[in-house]
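> See my_file-v1.json below, with JSON, C-alpha atoms and all ligand atoms.
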```json
[["chain", "number", "residue", "atom", "x", "y", "z"],
["A", 1, "MET", "CA", 0.00, 0.00, 0.00],
["A", 2, "LYS", "CA", 1.26, 3.44, -0.89],
["A", 3, "PHE", "CA", 0.43, 6.63, 0.93],
["A", 4, "ILE", "CA", 0.53, 10.01, -0.72],
["A", 5, "CYS", "CA", 0.87, 12.85, 1.68],
["A", 6, "PRO", "CA", -1.68, 15.49, 0.60],
["A", 7, "SER", "CA", 0.08, 18.33, 2.37],
["A", 8, "ARG", "CA", 3.24, 18.09, 0.29],
["A", 9, "PRO", "CA", 1.94, 19.44, -3.05],
["A", 10, "LEU", "CA", 0.26, 22.24, -1.09],
["A", 11, "GLN", "CA", 3.53, 23.16, 0.59],
["A", 12, "LEU", "CA", 5.26, 23.16, -2.79],
["A", 13, "LEU", "CA", 2.52, 25.36, -4.17],
["A", 14, "LEU", "CA", 2.74, 27.71, -1.19],
["A", 15, "GLY", "CA", 6.50, 27.80, -1.57],
["A", 16, "SER", "CA", 6.35, 28.77, -5.20],
["A", 17, "LEU", "CA", 3.73, 31.43, -4.49],
["A", 18, "LEU", "CA", 5.96, 32.85, -1.76],
["A", 19, "LEU", "CA", 8.90, 32.88, -4.11],
["A", 20, "ALA", "CA", 6.74, 34.70, -6.62],
["A", 21, "GLY", "CA", 6.01, 37.31, -3.96],
["A", 22, "ALA", "CA", 2.28, 36.66, -4.01],
["A", 23, "GLY", "CA", 2.01, 34.62, -0.85],
["A", 24, "SER", "CA", 1.80, 37.02, 2.08],
["A", 25, "ALA", "CA", -1.86, 36.28, 2.81],
["A", 26, "LEU", "CA", -1.24, 32.55, 2.52],
["A", 27, "ALA", "CA", 1.81, 32.76, 4.76],
["A", 28, "ASP", "CA", -0.37, 34.23, 7.51],
["A", 29, "ALA", "CA", -2.65, 31.21, 7.27],
["A", 30, "SER", "CA", 0.21, 28.75, 7.61],
["A", 31, "HIS", "CA", 0.64, 26.70, 10.73],
["A", 32, "HIS", "CA", 2.24, 28.37, 13.70],
["A", 33, "GLN", "CA", 4.19, 26.30, 16.15],
["A", 34, "HIS", "CA", 2.83, 26.51, 19.65],
["A", 35, "GLY", "CA", 6.02, 27.48, 21.41],
["A", 36, "ALA", "CA", 5.14, 27.45, 25.08],
["A", 37, "SER", "CA", 5.64, 24.13, 26.80],
["A", 38, "ALA", "CA", 4.51, 23.79, 30.39],
["A", 39, "ASP", "CA", 7.08, 22.89, 32.98],
["A", 40, "SER", "CA", 6.58, 19.16, 33.43],
["A", 41, "ALA", "CA", 8.04, 19.29, 36.95],
["A", 42, "ALA", "CA", 4.94, 21.22, 38.02],
["A", 43, "ILE", "CA", 2.79, 18.10, 37.90],
["A", 44, "GLY", "CA", 5.17, 16.14, 40.15],
["A", 45, "GLN", "CA", 7.29, 13.10, 39.42],
["A", 46, "PRO", "CA", 7.23, 9.31, 39.46],
["A", 47, "GLY", "CA", 7.18, 7.96, 43.01],
["A", 48, "SER", "CA", 8.64, 4.81, 44.50],
["A", 49, "ALA", "CA", 6.67, 2.07, 46.24],
["A", 50, "ALA", "CA", 8.45, 2.84, 49.53],
["A", 51, "GLN", "CA", 7.06, 6.40, 49.50],
["A", 52, "VAL", "CA", 3.42, 5.48, 48.90],
["A", 53, "SER", "CA", 1.15, 7.10, 51.47],
["A", 54, "ARG", "CA", -2.20, 6.15, 50.00],
["A", 55, "THR", "CA", -3.86, 4.06, 47.32],
["A", 56, "VAL", "CA", -6.51, 5.55, 45.06],
["A", 57, "LYS", "CA", -8.56, 3.31, 42.79],
["A", 58, "VAL", "CA", -9.57, 4.68, 39.42],
["A", 59, "ASP", "CA", -11.92, 2.99, 37.00],
["A", 60, "MET", "CA", -12.03, 3.65, 33.25],
["A", 61, "THR", "CA", -15.10, 2.78, 31.20],
["A", 62, "ASP", "CA", -16.29, 2.80, 27.60],
["A", 63, "ASN", "CA", -18.67, 5.66, 28.36],
["A", 64, "MET", "CA", -15.48, 7.75, 28.38],
["A", 65, "ARG", "CA", -15.32, 8.50, 32.05],
["A", 66, "PHE", "CA", -12.86, 8.16, 34.89],
["A", 67, "THR", "CA", -14.33, 7.25, 38.26],
["A", 68, "PRO", "CA", -13.52, 9.24, 40.29],
["A", 69, "ALA", "CA", -12.81, 12.11, 37.91],
["A", 70, "SER", "CA", -11.92, 14.44, 40.75],
["A", 71, "ILE", "CA", -9.22, 13.44, 43.26],
["A", 72, "LYS", "CA", -7.84, 15.41, 46.20],
["A", 73, "VAL", "CA", -4.34, 14.95, 47.61],
["A", 74, "ARG", "CA", -1.94, 16.96, 49.75],
["A", 75, "GLN", "CA", 1.32, 18.40, 48.52],
["A", 76, "GLY", "CA", 4.13, 15.90, 49.02],
["A", 77, "GLU", "CA", 1.89, 12.85, 48.96],
["A", 78, "THR", "CA", 2.85, 9.82, 46.91],
["A", 79, "ILE", "CA", -0.21, 8.04, 45.58],
["A", 80, "ARG", "CA", -0.45, 4.54, 44.21],
["A", 81, "PHE", "CA", -3.15, 4.70, 41.56],
["A", 82, "VAL", "CA", -4.66, 1.28, 40.97],
["A", 83, "ILE", "CA", -6.17, 1.83, 37.55],
["A", 84, "SER", "CA", -8.69, -0.53, 36.00],
["A", 85, "ASN", "CA", -10.02, -0.66, 32.49],
["A", 86, "SER", "CA", -13.48, -2.18, 32.85],
["A", 87, "GLY", "CA", -14.33, -1.38, 29.24],
["A", 88, "LYS", "CA", -14.01, -3.40, 26.07],
["A", 89, "ILE", "CA", -11.59, -1.03, 24.37],
["A", 90, "ARG", "CA", -8.17, 0.38, 25.26],
["A", 91, "HIS", "CA", -8.01, 3.27, 27.70],
["A", 92, "GLU", "CA", -5.24, 5.12, 29.45],
["A", 93, "MET", "CA", -4.61, 7.54, 32.25],
["A", 94, "VAL", "CA", -2.08, 10.23, 31.38],
["A", 95, "PHE", "CA", -1.06, 12.95, 33.84],
["A", 96, "GLY", "CA", -0.08, 16.40, 32.65],
["A", 97, "SER", "CA", -0.91, 20.04, 32.48],
["A", 98, "ASP", "CA", -3.98, 20.89, 30.42],
["A", 99, "ALA", "CA", -1.73, 22.33, 27.68],
["A", 100, "ASP", "CA", 0.53, 19.26, 27.59],
["A", 101, "LEU", "CA", -2.43, 16.88, 27.41],
["A", 102, "LYS", "CA", -4.01, 18.84, 24.56],
["A", 103, "ALA", "CA", -0.73, 18.89, 22.62],
["A", 104, "HIS", "CA", -0.15, 15.19, 23.22],
["A", 105, "TYR", "CA", -3.72, 14.38, 22.18],
["A", 106, "ALA", "CA", -3.30, 16.35, 18.94],
["A", 107, "ALA", "CA", -0.13, 14.36, 18.20],
["A", 108, "MET", "CA", -1.98, 11.10, 18.88],
["A", 109, "LEU", "CA", -4.78, 12.08, 16.50],
["A", 110, "LYS", "CA", -2.27, 12.72, 13.72],
["A", 111, "ASN", "CA", -0.57, 9.41, 14.32],
["A", 112, "PRO", "CA", -3.03, 6.95, 15.93],
["A", 113, "GLU", "CA", -0.55, 4.06, 15.73],
["A", 114, "MET", "CA", 1.94, 5.99, 17.84],
["A", 115, "GLU", "CA", 3.02, 3.89, 20.78],
["A", 116, "HIS", "CA", 3.49, 6.09, 23.74],
["A", 117, "ALA", "CA", 4.74, 5.02, 27.11],
["A", 118, "ASP", "CA", 6.08, 7.20, 29.84],
["A", 119, "ASP", "CA", 6.33, 7.44, 33.60],
["A", 120, "ASN", "CA", 3.33, 9.73, 33.78],
["A", 121, "GLN", "CA", 0.88, 7.39, 32.11],
["A", 122, "LEU", "CA", -0.56, 3.91, 32.02],
["A", 123, "THR", "CA", -2.25, 2.45, 28.96],
["A", 124, "LEU", "CA", -4.43, -0.58, 29.60],
["A", 125, "ALA", "CA", -6.05, -3.12, 27.30],
["A", 126, "ALA", "CA", -9.67, -4.09, 27.98],
["A", 127, "GLY", "CA", -10.14, -5.74, 31.36],
["A", 128, "ARG", "CA", -6.65, -4.96, 32.64],
["A", 129, "THR", "CA", -5.59, -3.36, 35.91],
["A", 130, "GLY", "CA", -2.27, -1.73, 36.68],
["A", 131, "ASP", "CA", -0.39, 0.58, 39.06],
["A", 132, "LEU", "CA", 0.98, 4.04, 38.60],
["A", 133, "ILE", "CA", 2.86, 5.66, 41.49],
["A", 134, "TRP", "CA", 3.08, 9.42, 41.44],
["A", 135, "THR", "CA", 4.44, 12.06, 43.85],
["A", 136, "PHE", "CA", 2.57, 15.36, 43.86],
["A", 137, "SER", "CA", 5.33, 17.77, 44.82],
["A", 138, "ASN", "CA", 3.58, 21.01, 43.94],
["A", 139, "ALA", "CA", 0.30, 22.51, 45.04],
["A", 140, "GLY", "CA", -2.25, 23.25, 42.35],
["A", 141, "LEU", "CA", -4.16, 21.32, 39.73],
["A", 142, "VAL", "CA", -2.80, 18.28, 37.91],
["A", 143, "ASN", "CA", -4.92, 17.13, 35.00],
["A", 144, "PHE", "CA", -5.29, 13.64, 33.65],
["A", 145, "ALA", "CA", -6.96, 12.31, 30.53],
["A", 146, "CYS", "CA", -7.32, 9.40, 28.17],
["A", 147, "LEU", "CA", -5.58, 10.37, 24.94],
["A", 148, "GLN", "CA", -6.91, 7.52, 22.81],
["A", 149, "PRO", "CA", -8.41, 9.08, 19.66],
["A", 150, "GLY", "CA", -11.89, 10.43, 20.37],
["A", 151, "HIS", "CA", -11.80, 9.78, 24.11],
["A", 152, "TYR", "CA", -10.42, 13.15, 25.20],
["A", 153, "ASP", "CA", -12.99, 14.92, 22.99],
["A", 154, "ALA", "CA", -15.72, 12.80, 24.56],
["A", 155, "GLY", "CA", -14.75, 14.18, 27.94],
["A", 156, "MET", "CA", -12.52, 11.40, 29.25],
["A", 157, "LYS", "CA", -10.59, 13.61, 31.62],
["A", 158, "GLY", "CA", -10.26, 14.50, 35.26],
["A", 159, "SER", "CA", -8.08, 16.33, 37.74],
["A", 160, "VAL", "CA", -6.13, 15.99, 40.94],
["A", 161, "THR", "CA", -6.32, 18.94, 43.30],
["A", 162, "VAL", "CA", -3.09, 19.19, 45.28],
["A", 163, "ALA", "CA", -3.61, 21.11, 48.51],
["A", 164, "ALA", "CA", -0.72, 23.29, 49.67],
["A", 165, "GLY", "CA", 1.43, 22.26, 52.61],
["A", 166, "LYS", "CA", 3.44, 19.15, 53.26],
["A", 167, "THR", "CA", 1.76, 16.25, 55.00],
["A", 168, "SER", "CA", 2.51, 16.39, 58.69],
["A", 169, "SER", "CA", 5.49, 14.42, 59.89],
["A", 170, "HIS", "CA", 6.82, 13.72, 63.34],
["A", 171, "GLN", "CA", 10.13, 15.47, 63.08],
["A", 172, "HIS", "CA", 11.35, 17.36, 66.15],
["B", 1, "CU", "CU", -10.31, 6.09, 26.91]]
```
Kindly transcribe the structure held in the file into structure tokens.
Ligand SMILES: [Cu+2]


Amino acid sequence: MKFICPSRPLQLLLGSLLLAGAGSALADASHHQHGASADSAAIGQPGSAAQVSRTVKVDMTDNMRFTPASIKVRQGETIRFVISNSGKIRHEMVFGSDADLKAHYAAMLKNPEMEHADDNQLTLAAGRTGDLIWTFSNAGLVNFACLQPGHYDAGMKGSVTVAAGKTSSHQH
């Protein structure tokens, strides 16, 4: 099977128009790179099993919802998310800023076969359950979503509210 990229002739056409000096209006309509990338450290970092303070169960279903979709933690907590896919199709839980998730989702839509695996996500086949351990080091909102094509648009997203202040310890 042979694929022909439809954007290529257009780019060539645009290029020749620009060279001919007739392309200023078209140049304005060309794609602009979204430069700003959120600081990934803001959402926290992978945690270790020894640090886990709490387990939170999250269920993913084919009606494109996380249950619960709203989770509250305290700054400094390390949470073991026990994530289940009780649907019949693949789902995933990906942590990120809203901007990062949107950008990642757009990339997934362009390339649905893209395999993506990272510390901040867990992709599960139908019926599977898995763990993701995450340390929430900063107060604020950490978003999560399923970036499988169509799922994010259908509202498969949620958030973790990280309350300010370290969890109390018994240091003297
Ligand atoms: Cu999904």

> Record the distance separating atom CA of A:Ala125 and atom CA of A:Ile89, expressed in Å with one decimal.

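Distance reported for this atom pair: 6.6 Å.
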
> Just want the 10 Å neighbourhood of stretch 157-159 of chain A, counted on only C-alpha atoms, with same-chain residues fewer than 5 positions away dropped. Output as a VMD selection string.

chain A and resid 64 to 72 93 to 98 101 141 to 147 151 to 152

> Have a look at A:Gly155, A:Gly165, A:Pro149, A:Gly130 and name the one nearest to A:Val82; count all atoms listed in the file.

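With all atoms listed in the file as the atom set, the closest residue is A:Gly130.
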
> Near A:Thr129, counting only C-alpha atoms, which residues have an atom at most 10 Å away, once you skip same-chain residues fewer than 4 positions from it, shown as a PyMOL selection string?

chain A and resi 58-60+82-86+122-125

> With distances taken over all atoms listed in the file, which of A:Val160, A:Ser53, A:Asp100, A:Ser48 is nearest to A:Glu77?

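With all atoms listed in the file as the atom set, the closest residue is A:Ser53.
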
> Can you measure atom CA of A:Arg54 to atom CA of A:Val162 for me? One decimal in Å is fine.

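Atom CA of A:Arg54 sits 13.9 Å away from atom CA of A:Val162.
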
> Could you name the residues that touch A:Asn111 at 12 Å or less, counting all atoms listed in the file, but leaving out those on the same chain fewer than 4 positions away, as a PyMOL selection string?

chain A and resi 104-107+115-116+147-149

> Pick out the residues sitting within 8 Å of A:Gln45, and hand them over as a list in words; count only C-alpha atoms, and ignore anything fewer than 2 positions along from it in its own chain.

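The contact residues come out as Ala41, Ile43, Gly47, Asn120, Trp134, Thr135, Phe136 and Ser137 of chain A.
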
> Could those residues be written to a file, using C-alpha atoms, as an mmCIF file, in the frame of the given file?


```cif
data_model
loop_
_atom_site.group_PDB
_atom_site.id
_atom_site.type_symbol
_atom_site.label_atom_id
_atom_site.label_comp_id
_atom_site.auth_asym_id
_atom_site.auth_seq_id
_atom_site.Cartn_x
_atom_site.Cartn_y
_atom_site.Cartn_z
ATOM 1 C CA ALA A 41 8.040 19.290 36.950
ATOM 2 C CA ILE A 43 2.790 18.100 37.900
ATOM 3 C CA GLY A 47 7.180 7.960 43.010
ATOM 4 C CA ASN A 120 3.330 9.730 33.780
ATOM 5 C CA TRP A 134 3.080 9.420 41.440
ATOM 6 C CA THR A 135 4.440 12.060 43.850
ATOM 7 C CA PHE A 136 2.570 15.360 43.860
ATOM 8 C CA SER A 137 5.330 17.770 44.820
#
```

> Between A:Gly44, A:Gly127, A:Pro112, A:Gly150, which one has atoms that come closest to ligand CU 1 (chain B), using only C-alpha atoms and all ligand atoms?

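Closest candidate: A:Gly150.
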
> Between atom CA of A:Val56 and atom CA of A:Leu132, what is the spacing in Å?

10.0 Å

> Between A:Ala154, A:Ala164, A:Ala42, A:Ile133, which residue has the minimum interatomic distance to ligand CU 1 (chain B), considering all atoms listed in the file?

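Of all the options, A:Ala154 lies closest to ligand CU 1 (chain B).
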
> Looking at A:Lys102, A:Arg74, A:His91, A:Lys57, which one is nearest to A:Gln121, with distances taken over only C-alpha atoms?

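Looking at the shortest contact to A:Gln121, the residue is A:His91.
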
> Which of these residues is nearest to ligand CU 1 (chain B), using all atoms listed in the file: A:Gln51, A:Asp131, A:Met114, A:Asp153?

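The closest residue to ligand CU 1 (chain B) is A:Asp153.
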